[in-house]
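Trainee: Sharing coords-v4.cif below, mmCIF, C-alpha atoms:
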```
data_target
loop_
_atom_site.label_atom_id
_atom_site.label_comp_id
_atom_site.auth_asym_id
_atom_site.auth_seq_id
_atom_site.Cartn_x
_atom_site.Cartn_y
_atom_site.Cartn_z
CA MET N 1 16.45 -1.43 -19.48
CA ASN N 2 20.02 -2.22 -20.49
CA LYS N 3 22.82 0.32 -20.04
CA ASN N 4 23.22 0.92 -23.77
CA SER N 5 19.56 1.87 -24.20
CA GLU N 6 19.56 4.02 -21.07
CA ALA N 7 22.64 5.90 -22.29
CA PHE N 8 20.84 6.59 -25.60
CA LEU N 9 17.73 7.75 -23.75
CA CYS N 10 19.69 10.21 -21.60
CA GLU N 11 21.68 11.49 -24.59
CA LEU N 12 18.42 12.11 -26.44
CA LEU N 13 16.81 13.83 -23.44
CA GLU N 14 19.76 16.13 -22.84
CA ALA N 15 20.14 17.20 -26.48
CA PRO N 16 18.32 20.56 -26.76
CA SER N 17 15.39 20.53 -29.19
CA PRO N 18 12.72 23.20 -28.67
CA SER N 19 10.07 23.16 -31.39
CA GLY N 20 11.62 24.48 -34.60
CA PHE N 21 15.17 23.83 -33.32
CA GLU N 22 15.21 20.03 -33.09
CA GLN N 23 18.47 19.42 -34.98
CA PRO N 24 20.68 18.30 -32.02
CA ALA N 25 18.19 15.67 -30.84
CA ALA N 26 17.41 14.59 -34.42
CA ALA N 27 21.12 13.92 -34.95
CA VAL N 28 21.18 11.66 -31.88
CA PHE N 29 18.11 9.80 -33.16
CA ARG N 30 19.58 9.31 -36.64
CA LYS N 31 22.89 8.07 -35.23
CA ARG N 32 21.06 5.45 -33.19
CA LEU N 33 19.51 3.98 -36.34
CA GLU N 34 22.56 4.05 -38.62
CA GLY N 35 23.04 0.57 -40.07
CA TRP N 36 19.81 -0.76 -38.56
CA VAL N 37 17.22 0.36 -41.12
CA ASP N 38 16.94 0.32 -44.90
CA GLU N 39 16.54 4.08 -45.31
CA VAL N 40 16.84 7.22 -43.20
CA ILE N 41 15.23 10.28 -44.77
CA GLY N 42 15.20 13.86 -43.56
CA ASP N 43 12.69 16.39 -44.79
CA VAL N 44 12.56 20.17 -45.04
CA HIS N 45 10.79 20.52 -41.68
CA GLY N 46 13.34 18.41 -39.79
CA ASN N 47 11.38 15.17 -39.45
CA THR N 48 13.51 12.02 -39.47
CA ILE N 49 11.88 9.14 -41.35
CA ALA N 50 13.39 5.66 -40.92
CA VAL N 51 12.14 2.84 -43.14
CA LEU N 52 12.20 -0.95 -42.87
CA ASN N 53 11.13 -3.24 -45.72
CA PRO N 54 10.30 -0.36 -48.09
CA GLY N 55 9.07 -2.66 -50.87
CA ALA N 56 6.07 -3.97 -48.93
CA LYS N 57 2.65 -2.74 -50.03
CA PHE N 58 1.13 -2.14 -46.56
CA LYS N 59 2.70 0.83 -44.78
CA PHE N 60 2.61 1.17 -41.01
CA MET N 61 3.84 4.44 -39.45
CA ILE N 62 4.96 4.77 -35.83
CA SER N 63 5.86 8.22 -34.53
CA GLY N 64 7.17 10.03 -31.48
CA HIS N 65 7.76 13.76 -31.47
CA ILE N 66 11.29 14.84 -30.74
CA ASP N 67 10.65 18.50 -29.97
CA GLU N 68 10.36 19.86 -26.44
CA ILE N 69 8.98 22.97 -24.79
CA GLY N 70 11.40 25.85 -24.26
CA LEU N 71 11.92 29.58 -24.59
CA ILE N 72 12.98 31.97 -27.36
CA ILE N 73 14.74 35.31 -27.00
CA THR N 74 12.48 38.23 -27.92
CA HIS N 75 14.43 41.21 -26.48
CA ILE N 76 17.81 42.13 -25.01
CA ASP N 77 17.73 45.31 -22.93
CA ASP N 78 20.41 47.98 -22.52
CA LYS N 79 21.84 46.26 -19.45
CA GLY N 80 22.17 42.88 -21.16
CA TYR N 81 19.15 41.20 -19.58
CA ILE N 82 17.22 38.86 -21.85
CA TYR N 83 13.45 38.63 -22.18
CA THR N 84 11.73 35.62 -23.67
CA ASP N 85 8.53 34.03 -24.88
CA GLN N 86 7.51 30.42 -24.48
CA ILE N 87 7.86 27.71 -27.12
CA GLY N 88 4.99 25.46 -26.17
CA GLY N 89 3.26 25.87 -22.84
CA MET N 90 4.54 25.82 -19.27
CA ASP N 91 3.81 27.49 -15.94
CA PRO N 92 6.06 30.60 -15.78
CA ALA N 93 6.42 30.08 -12.03
CA LEU N 94 8.47 26.94 -12.74
CA LEU N 95 11.09 29.05 -14.52
CA VAL N 96 12.02 31.24 -11.56
CA GLY N 97 15.46 30.34 -10.25
CA GLN N 98 16.24 27.85 -13.02
CA ARG N 99 19.56 27.52 -14.78
CA VAL N 100 19.14 27.66 -18.54
CA LYS N 101 21.13 27.04 -21.70
CA VAL N 102 20.86 29.36 -24.70
CA MET N 103 21.50 27.70 -28.07
CA GLY N 104 23.72 30.47 -29.41
CA ALA N 105 25.20 30.55 -32.91
CA ASN N 106 28.68 29.92 -31.51
CA GLY N 107 27.68 27.32 -28.96
CA PRO N 108 25.69 27.00 -25.74
CA VAL N 109 25.56 29.97 -23.37
CA LEU N 110 24.68 29.41 -19.71
CA GLY N 111 22.28 31.68 -17.87
CA VAL N 112 19.82 31.87 -14.99
CA VAL N 113 16.20 33.01 -14.77
CA GLY N 114 15.93 35.99 -12.45
CA ARG N 115 13.08 37.71 -10.66
CA LYS N 116 12.78 40.40 -7.98
CA ALA N 117 13.74 38.93 -4.60
CA ILE N 118 10.83 38.11 -2.28
CA HIS N 119 12.24 40.57 0.30
CA GLN N 120 11.61 43.42 -2.16
CA MET N 121 8.03 42.46 -2.99
CA LYS N 122 4.96 43.99 -1.44
CA PRO N 123 2.62 41.46 0.23
CA ASP N 124 0.11 41.70 -2.63
CA ASP N 125 2.86 41.13 -5.21
CA ARG N 126 3.81 37.86 -3.55
CA LYS N 127 0.31 36.51 -4.21
CA LYS N 128 0.32 37.36 -7.90
CA ALA N 129 0.97 34.72 -10.55
CA VAL N 130 4.36 34.89 -12.24
CA GLU N 131 4.15 36.44 -15.72
CA MET N 132 6.74 36.13 -18.47
CA GLU N 133 7.27 39.92 -18.55
CA ASN N 134 8.31 39.85 -14.87
CA ILE N 135 11.16 37.38 -15.28
CA TRP N 136 14.34 37.56 -17.33
CA VAL N 137 17.45 35.58 -18.27
CA ASP N 138 20.80 36.75 -16.91
CA ILE N 139 23.87 35.45 -18.78
CA GLY N 140 26.27 37.69 -16.83
CA ALA N 141 26.51 40.38 -19.49
CA ASP N 142 26.77 44.04 -18.45
CA SER N 143 25.28 45.55 -21.61
CA ARG N 144 23.30 44.76 -24.74
CA SER N 145 26.44 44.87 -26.86
CA GLU N 146 28.21 42.40 -24.59
CA ALA N 147 25.22 40.03 -24.55
CA GLN N 148 25.00 40.20 -28.33
CA LYS N 149 28.50 38.76 -28.60
CA TYR N 150 27.03 35.47 -27.41
CA VAL N 151 23.28 35.47 -28.08
CA ALA N 152 20.75 37.01 -30.45
CA VAL N 153 17.05 37.62 -30.73
CA GLY N 154 15.50 34.37 -31.95
CA ASP N 155 17.92 32.05 -30.14
CA PRO N 156 16.12 29.19 -28.37
CA ILE N 157 16.62 28.31 -24.70
CA VAL N 158 16.16 25.12 -22.67
CA ILE N 159 16.26 24.56 -18.93
CA ASP N 160 19.69 23.20 -18.00
CA VAL N 161 18.91 19.98 -16.13
CA ALA N 162 20.35 16.51 -16.60
CA CYS N 163 18.72 13.10 -16.87
CA ARG N 164 18.95 11.33 -13.51
CA ARG N 165 17.90 8.04 -11.93
CA LEU N 166 15.47 8.15 -9.04
CA ASN N 167 14.52 5.16 -6.91
CA GLY N 168 14.23 1.84 -8.70
CA ALA N 169 13.20 2.06 -12.35
CA LYS N 170 12.19 5.72 -12.27
CA ILE N 171 14.04 8.41 -14.27
CA VAL N 172 13.65 12.19 -14.08
CA SER N 173 14.45 14.69 -16.82
CA ARG N 174 13.04 17.55 -18.82
CA ALA N 175 11.66 16.68 -22.27
CA MET N 176 10.28 13.22 -21.49
CA ASP N 177 7.43 14.78 -23.49
CA ASP N 178 8.06 13.34 -25.95
CA LYS N 179 11.61 12.18 -26.41
CA ALA N 180 10.48 9.11 -24.47
CA GLY N 181 8.21 8.37 -27.44
CA ALA N 182 10.97 9.03 -29.98
CA PHE N 183 13.20 6.71 -27.93
CA VAL N 184 10.59 3.95 -28.18
CA VAL N 185 10.34 4.45 -31.95
CA ALA N 186 14.11 4.09 -32.38
CA GLU N 187 14.34 0.99 -30.19
CA VAL N 188 11.38 -0.66 -31.92
CA MET N 189 12.98 -0.07 -35.32
CA ARG N 190 16.23 -1.64 -34.12
CA ALA N 191 14.35 -4.64 -32.71
CA LEU N 192 12.31 -5.10 -35.90
CA SER N 193 15.46 -5.02 -38.03
CA ARG N 194 16.18 -8.50 -36.64
CA ARG N 195 12.75 -9.83 -37.61
CA THR N 196 11.18 -10.83 -40.93
CA LEU N 197 8.48 -8.29 -41.75
CA LYS N 198 5.46 -8.70 -44.03
CA ILE N 199 4.78 -4.94 -43.99
CA SER N 200 6.80 -1.78 -44.34
CA VAL N 201 7.37 -0.06 -41.00
CA ILE N 202 8.20 3.64 -41.04
CA GLY N 203 9.47 5.10 -37.78
CA VAL N 204 9.30 8.89 -37.60
CA ALA N 205 10.80 11.33 -35.11
CA THR N 206 8.40 14.19 -35.74
CA VAL N 207 9.01 17.88 -35.07
CA GLN N 208 6.97 20.87 -33.90
CA GLU N 209 4.28 18.83 -32.14
CA GLU N 210 4.17 21.27 -29.23
CA ILE N 211 3.10 24.09 -31.53
CA GLY N 212 0.43 22.28 -33.51
CA LEU N 213 1.36 18.72 -34.62
CA ARG N 214 3.12 20.28 -37.59
CA GLY N 215 5.76 17.61 -38.23
CA ALA N 216 3.22 14.80 -38.02
CA ILE N 217 1.00 16.54 -40.54
CA THR N 218 3.76 16.80 -43.15
CA SER N 219 5.43 13.44 -42.50
CA ALA N 220 2.15 11.51 -42.49
CA TYR N 221 1.24 13.16 -45.79
CA ARG N 222 4.58 12.06 -47.23
CA VAL N 223 4.49 8.51 -45.84
CA HIS N 224 0.78 8.01 -46.68
CA PRO N 225 0.42 5.12 -44.21
CA ASP N 226 -2.36 2.54 -44.17
CA ALA N 227 -2.18 2.56 -40.38
CA GLY N 228 -0.21 4.34 -37.71
CA ILE N 229 0.51 4.48 -33.99
CA ALA N 230 1.64 7.59 -32.16
CA ILE N 231 3.76 7.06 -29.06
CA ASP N 232 3.53 9.94 -26.63
CA VAL N 233 3.51 10.52 -22.91
CA GLY N 234 0.29 10.67 -20.91
CA PHE N 235 -0.74 12.00 -17.54
CA ALA N 236 -0.11 9.69 -14.60
CA SER N 237 -2.68 10.02 -11.86
CA ASP N 238 -0.68 8.32 -9.09
CA HIS N 239 0.48 11.48 -7.33
CA PRO N 240 -1.21 14.02 -5.04
CA GLU N 241 -3.85 16.47 -6.30
CA THR N 242 -4.98 14.43 -9.29
CA ASP N 243 -8.53 13.26 -9.88
CA ALA N 244 -8.83 9.75 -11.29
CA LYS N 245 -12.53 10.38 -11.96
CA LYS N 246 -11.51 12.96 -14.58
CA MET N 247 -8.18 11.59 -15.77
CA GLY N 248 -8.58 7.85 -15.31
CA GLU N 249 -6.35 5.61 -13.23
CA VAL N 250 -2.87 5.61 -14.74
CA LYS N 251 0.26 4.82 -12.76
CA LEU N 252 3.98 4.56 -13.36
CA GLY N 253 5.02 0.96 -13.86
CA GLY N 254 1.47 -0.07 -14.75
CA GLY N 255 2.31 -0.81 -18.36
CA PRO N 256 1.51 0.85 -21.70
CA ASN N 257 -1.49 3.18 -21.69
CA LEU N 258 -3.86 2.34 -24.56
CA HIS N 259 -6.60 4.74 -25.63
CA ARG N 260 -10.21 4.48 -26.73
CA GLY N 261 -12.25 7.19 -28.43
CA ALA N 262 -12.91 8.96 -31.73
CA ASN N 263 -9.19 9.44 -32.50
CA ILE N 264 -8.58 5.70 -32.20
CA ASN N 265 -9.43 2.97 -34.71
CA PRO N 266 -11.33 0.34 -32.67
CA ILE N 267 -9.96 -2.64 -34.59
CA LEU N 268 -6.35 -1.49 -34.22
CA GLU N 269 -6.84 -0.79 -30.50
CA ALA N 270 -8.38 -4.25 -30.02
CA GLU N 271 -5.46 -5.91 -31.84
CA LEU N 272 -2.97 -4.11 -29.61
CA ALA N 273 -4.90 -5.23 -26.53
CA ARG N 274 -4.94 -8.84 -27.81
CA THR N 275 -1.18 -8.70 -28.38
CA ALA N 276 -0.66 -7.44 -24.83
CA LYS N 277 -2.86 -10.24 -23.48
CA ARG N 278 -0.90 -12.84 -25.44
CA LEU N 279 2.31 -11.42 -23.97
CA LYS N 280 0.72 -11.45 -20.48
CA MET N 281 1.51 -7.74 -20.34
CA PRO N 282 -0.58 -5.44 -18.14
CA CYS N 283 -2.01 -2.41 -19.92
CA GLN N 284 -3.87 0.68 -18.79
CA ILE N 285 -6.82 2.27 -20.59
CA THR N 286 -7.66 5.94 -21.04
CA ALA N 287 -10.89 7.17 -22.61
CA ASN N 288 -10.72 10.22 -24.88
CA ALA N 289 -13.99 11.98 -25.63
CA ARG N 290 -12.33 14.15 -28.28
CA ALA N 291 -9.15 14.26 -30.33
CA THR N 292 -6.13 13.33 -28.23
CA GLY N 293 -3.95 16.37 -28.97
CA THR N 294 -1.13 14.10 -30.16
CA ASP N 295 0.45 13.06 -33.47
CA ALA N 296 -2.37 10.49 -33.67
CA ASN N 297 -4.67 13.34 -34.74
CA ALA N 298 -2.54 14.18 -37.75
CA ILE N 299 -1.93 10.56 -38.77
CA GLN N 300 -5.63 9.72 -38.58
CA LEU N 301 -6.63 12.65 -40.80
CA SER N 302 -3.82 12.50 -43.34
CA ARG N 303 -4.97 12.38 -46.97
CA GLY N 304 -7.89 9.93 -47.08
CA GLY N 305 -7.34 8.86 -43.50
CA ALA N 306 -5.46 6.07 -41.74
CA ALA N 307 -6.30 3.58 -39.01
CA THR N 308 -4.68 5.13 -35.96
CA ALA N 309 -3.93 4.30 -32.34
CA LEU N 310 -2.15 6.00 -29.48
CA ILE N 311 0.11 4.39 -26.91
CA SER N 312 1.00 6.63 -23.99
CA ILE N 313 3.86 6.31 -21.54
CA PRO N 314 2.71 7.37 -18.06
CA VAL N 315 4.54 10.51 -16.88
CA ARG N 316 4.30 12.62 -13.74
CA TYR N 317 4.67 16.43 -13.73
CA MET N 318 4.30 16.98 -17.49
CA HIS N 319 5.71 20.21 -18.96
CA THR N 320 8.00 20.78 -16.02
CA PRO N 321 11.78 20.35 -15.71
CA VAL N 322 11.18 17.22 -13.58
CA GLU N 323 9.10 14.86 -15.69
CA VAL N 324 9.25 11.37 -14.16
CA LEU N 325 8.61 8.01 -15.79
CA SER N 326 9.39 4.33 -15.26
CA THR N 327 11.78 2.49 -17.54
CA LYS N 328 9.55 -0.56 -17.04
CA ASP N 329 6.85 1.19 -19.06
CA LEU N 330 9.33 2.09 -21.80
CA ASP N 331 10.51 -1.52 -22.05
CA ALA N 332 6.92 -2.75 -22.14
CA CYS N 333 5.97 -0.31 -24.92
CA ILE N 334 8.95 -1.45 -26.99
CA LYS N 335 8.03 -5.13 -26.52
CA LEU N 336 4.34 -4.57 -27.31
CA LEU N 337 5.01 -2.62 -30.50
CA THR N 338 7.77 -4.95 -31.66
CA GLU N 339 5.62 -8.06 -31.29
CA PHE N 340 2.54 -6.44 -32.81
CA LEU N 341 4.35 -5.16 -35.89
CA ALA N 342 6.55 -8.25 -36.36
CA ASN N 343 3.42 -10.41 -36.49
CA HIS N 344 1.28 -8.03 -38.55
CA PRO N 345 -0.09 -9.72 -41.67
CA ALA N 346 0.81 -8.47 -45.12
CA SER N 347 -2.57 -6.74 -45.24
CA ARG N 348 -5.33 -6.02 -42.75
CA ASP N 349 -8.70 -4.35 -43.22
CA TYR N 350 -9.09 -1.80 -40.42
CA ARG N 351 -12.44 -0.52 -41.60
CA PRO N 352 -14.85 -0.64 -38.60
#
```
Since I need it in another form, could you write the structure as structure tokens?

Mentor:
Amino acid sequence: MNKNSEAFLCELLEAPSPSGFEQPAAAVFRKRLEGWVDEVIGDVHGNTIAVLNPGAKFKFMISGHIDEIGLIITHIDDKGYIYTDQIGGMDPALLVGQRVKVMGANGPVLGVVGRKAIHQMKPDDRKKAVEMENIWVDIGADSRSEAQKYVAVGDPIVIDVACRRLNGAKIVSRAMDDKAGAFVVAEVMRALSRRTLKISVIGVATVQEEIGLRGAITSAYRVHPDAGIAIDVGFASDHPETDAKKMGEVKLGGGPNLHRGANINPILEAELARTAKRLKMPCQITANARATGTDANAIQLSRGGAATALISIPVRYMHTPVEVLSTKDLDACIKLLTEFLANHPASRDYRP
């Protein structure tokens, strides 16, 4: 991955964007595509829709959701301590001791997640699971009125961690799920802008995926694609305490993860696999007995239906502040999608 692309990836990852509050990350995404696509459209939900070759009859949608998990302020007590609920799903135990950033009306407000010290807990209490009502956010305020100068009920919160390089091609950050997918969409659109297309390609940074695929539902309805590919992250099984018999064998650096199952059009999946073979690109396969729980669900079922596939980027430690992926997999996903879409015929019958 070149330095320019990596800088964009980290800027996107660090821009706060809990579901329903995606505007900062959406602005980064739109800026990346300025001058590279024919149209950039925003909708009332916050989806960003970028279009190449809009006059072509066959429409192909690619999407990555730009929202992330986070917290939202539900109560500020008399002493200025803040209580929250989750946006999306995470293990509350991962929040204890974290630094956080509140997206206040007048700018970001730093805080920490507090809990009773272990010295003050009874032995039985130490064994209990952490619950949201037993942790709080401390922004250093001494009263409710002081806290309310900076934050308000309904303000969203993200964990305050930065994007960092690990060994080799591996990167760690919060919100890889799924800003990594939105990153791939943006880079594919830029790459395709240099190619001659026979189809219209619509790249969408969708919103509110973590709370029900909501942005994909509305954007797919608007785009009305003939076919679509969702780019999301998927569970890597190359770390301790994972069961490949249940999850499949998926590793970082092993290449794009293609999917097979009811949510996936078999002809489209086969064409992607053929493109990867032509490129001599290794791919990984995951079987899905049911719907995948990704934007692919919404694209597949939009209006009269669309031929749909899912490409996953292998990620370790999903829905934690330390999601890890390999930039090799990102580069491979970009190359696979670019070559597939650049060589897509003006029309293709995806009916099984």

Trainee: Can you work out which one of N:Gly255, N:Gly80, N:Pro18, N:Gly114 has the shortest atom-to-atom distance to Ser145 of chain N, counting only C-alpha atoms?

Mentor: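 Looking only at the distances to Ser145 of chain N, the closest residue turns out to be N:Gly80.
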
Trainee: Mind giving me the straight-line distance from atom CA of Lys79 of chain N to atom CA of Pro108 of chain N in Å, one decimal?

Mentor: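 Distance between the two atoms: 20.6 Å.
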
Trainee: Name every residue that the PyMOL selection byres ((chain N and resi 137) around 9) selects in this structure, writing the answer as a short mmCIF file (atom, residue, chain, number, x, y, z; two decimals) with C-alpha atoms, in the coordinates of the input with chains first and numbers rising.

Mentor:
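And here is the file that came out, out.cif:
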```cif
data_model
loop_
_atom_site.label_atom_id
_atom_site.label_comp_id
_atom_site.auth_asym_id
_atom_site.auth_seq_id
_atom_site.Cartn_x
_atom_site.Cartn_y
_atom_site.Cartn_z
CA TYR N 81 19.15 41.20 -19.58
CA ILE N 82 17.22 38.86 -21.85
CA TYR N 83 13.45 38.63 -22.18
CA THR N 84 11.73 35.62 -23.67
CA VAL N 100 19.14 27.66 -18.54
CA GLY N 111 22.28 31.68 -17.87
CA VAL N 112 19.82 31.87 -14.99
CA VAL N 113 16.20 33.01 -14.77
CA GLY N 114 15.93 35.99 -12.45
CA ILE N 135 11.16 37.38 -15.28
CA TRP N 136 14.34 37.56 -17.33
CA ASP N 138 20.80 36.75 -16.91
CA ILE N 139 23.87 35.45 -18.78
#
```

Trainee: Return as a tab-separated table the residues of segment 86-122 of chain N lying at most 12 Å from segment 20-31 of chain N, together with the closest atom-to-atom pair for each and the distance in Å to one decimal, counting all atoms listed in the file, with rows in chain order and ascending residue number.

Mentor:
```
residue	atom	partner	partner_atom	distance
N:Ile87	CA	N:Gly20	CA	9.0
N:Gly88	CA	N:Gly20	CA	10.8
N:Val102	CA	N:Phe21	CA	11.7
N:Met103	CA	N:Phe21	CA	9.1
N:Gly104	CA	N:Phe21	CA	11.5
N:Gly107	CA	N:Pro24	CA	11.8
N:Pro108	CA	N:Pro24	CA	11.8
```

Trainee: For this file, the PyMOL selection byres ((chain N and resi 327-339) around 8) selects which residues, as a ChimeraX atom specification?

Mentor: /N:1,169-171,180,184-185,187-188,191-192,252-256,272,275-276,279,281,311,313-314,325-326,340-343

Trainee: What is the atom CA of Leu310 of chain N-atom CA of Gly203 of chain N distance in Å, reported with one decimal?

Mentor: 14.3 Å

Trainee: Between N:Gln208, N:Asn47, N:Asn265, N:Ser302, which has the minimum distance to Arg351 of chain N (counting all atoms listed in the file)?

Mentor: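 Once distances to Arg351 of chain N are computed over all atoms listed in the file, the minimum belongs to N:Asn265.
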
Trainee: Evaluate the PyMOL selection byres ((chain N and resi 19) around 12) on the structure here and hand back the selected residues as a ChimeraX atom specification.

Mentor: /N:16-18,20-26,45-47,65-72,86-89,155-158,175,177-178,206-215

Trainee: Restricting it to C-alpha atoms, dump the selection as a short mmCIF file (atom, residue, chain, number, x, y, z; two decimals), in the coordinates of the input.

Mentor:
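Saved file again.cif follows:
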```cif
data_model
loop_
_atom_site.label_atom_id
_atom_site.label_comp_id
_atom_site.auth_asym_id
_atom_site.auth_seq_id
_atom_site.Cartn_x
_atom_site.Cartn_y
_atom_site.Cartn_z
CA PRO N 16 18.32 20.56 -26.76
CA SER N 17 15.39 20.53 -29.19
CA PRO N 18 12.72 23.20 -28.67
CA GLY N 20 11.62 24.48 -34.60
CA PHE N 21 15.17 23.83 -33.32
CA GLU N 22 15.21 20.03 -33.09
CA GLN N 23 18.47 19.42 -34.98
CA PRO N 24 20.68 18.30 -32.02
CA ALA N 25 18.19 15.67 -30.84
CA ALA N 26 17.41 14.59 -34.42
CA HIS N 45 10.79 20.52 -41.68
CA GLY N 46 13.34 18.41 -39.79
CA ASN N 47 11.38 15.17 -39.45
CA HIS N 65 7.76 13.76 -31.47
CA ILE N 66 11.29 14.84 -30.74
CA ASP N 67 10.65 18.50 -29.97
CA GLU N 68 10.36 19.86 -26.44
CA ILE N 69 8.98 22.97 -24.79
CA GLY N 70 11.40 25.85 -24.26
CA LEU N 71 11.92 29.58 -24.59
CA ILE N 72 12.98 31.97 -27.36
CA GLN N 86 7.51 30.42 -24.48
CA ILE N 87 7.86 27.71 -27.12
CA GLY N 88 4.99 25.46 -26.17
CA GLY N 89 3.26 25.87 -22.84
CA ASP N 155 17.92 32.05 -30.14
CA PRO N 156 16.12 29.19 -28.37
CA ILE N 157 16.62 28.31 -24.70
CA VAL N 158 16.16 25.12 -22.67
CA ALA N 175 11.66 16.68 -22.27
CA ASP N 177 7.43 14.78 -23.49
CA ASP N 178 8.06 13.34 -25.95
CA THR N 206 8.40 14.19 -35.74
CA VAL N 207 9.01 17.88 -35.07
CA GLN N 208 6.97 20.87 -33.90
CA GLU N 209 4.28 18.83 -32.14
CA GLU N 210 4.17 21.27 -29.23
CA ILE N 211 3.10 24.09 -31.53
CA GLY N 212 0.43 22.28 -33.51
CA LEU N 213 1.36 18.72 -34.62
CA ARG N 214 3.12 20.28 -37.59
CA GLY N 215 5.76 17.61 -38.23
#
```

Trainee: If I take atom CA of Pro266 of chain N and atom CA of Thr308 of chain N, how far is one from the other in Å, to one decimal?

Mentor: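 The value is 8.8 Å.
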
Trainee: Which one of N:Pro352, N:Gly181, N:Gly64, N:Gly97 sits closest to Ile159 of chain N if you count all atoms listed in the file?

Mentor: N:Gly97

Trainee: Could you give me, as a list in words, the residues that have an atom at most 6 Å away from the point (4.4, 8.9, -22.5) in the coordinates of the file, using all atoms listed in the file?

Mentor: Asp232, Val233, Gly234, Ser312, Ile313, Pro314 and Val315 of chain N

Trainee: If you count all atoms listed in the file, which residues fall within 10 Å of His239 of chain N, apart from same-chain ones fewer than 5 positions away, as a list in words?

Mentor: Lys251, Leu252, Arg316 and Tyr317 of chain N

Trainee: Neighbouring residues of Arg222 of chain N were defined as those with any atom within 10 Å, considering all atoms listed in the file; residues of the same chain fewer than 3 positions away were excluded. Please report them as a list in words.

Mentor: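 With the cut-off at 10 Å, the set is Asp43, Ile49, Ala216, Ile217, Thr218, Ser219, Pro225, Ser302 and Arg303 of chain N.
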
Trainee: Select, from N:Val96, N:Ala291, N:Val130, N:Ile199, the residue with the minimum atom-to-atom distance to Lys57 of chain N, counting only C-alpha atoms.

Mentor: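 Of all the options, N:Ile199 lies closest to Lys57 of chain N.
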
Trainee: Which residue is closest to Asp77 of chain N? Choose from N:Glu269, N:Glu146, N:Glu11, N:Asp349 and count all atoms listed in the file.

Mentor: N:Glu146
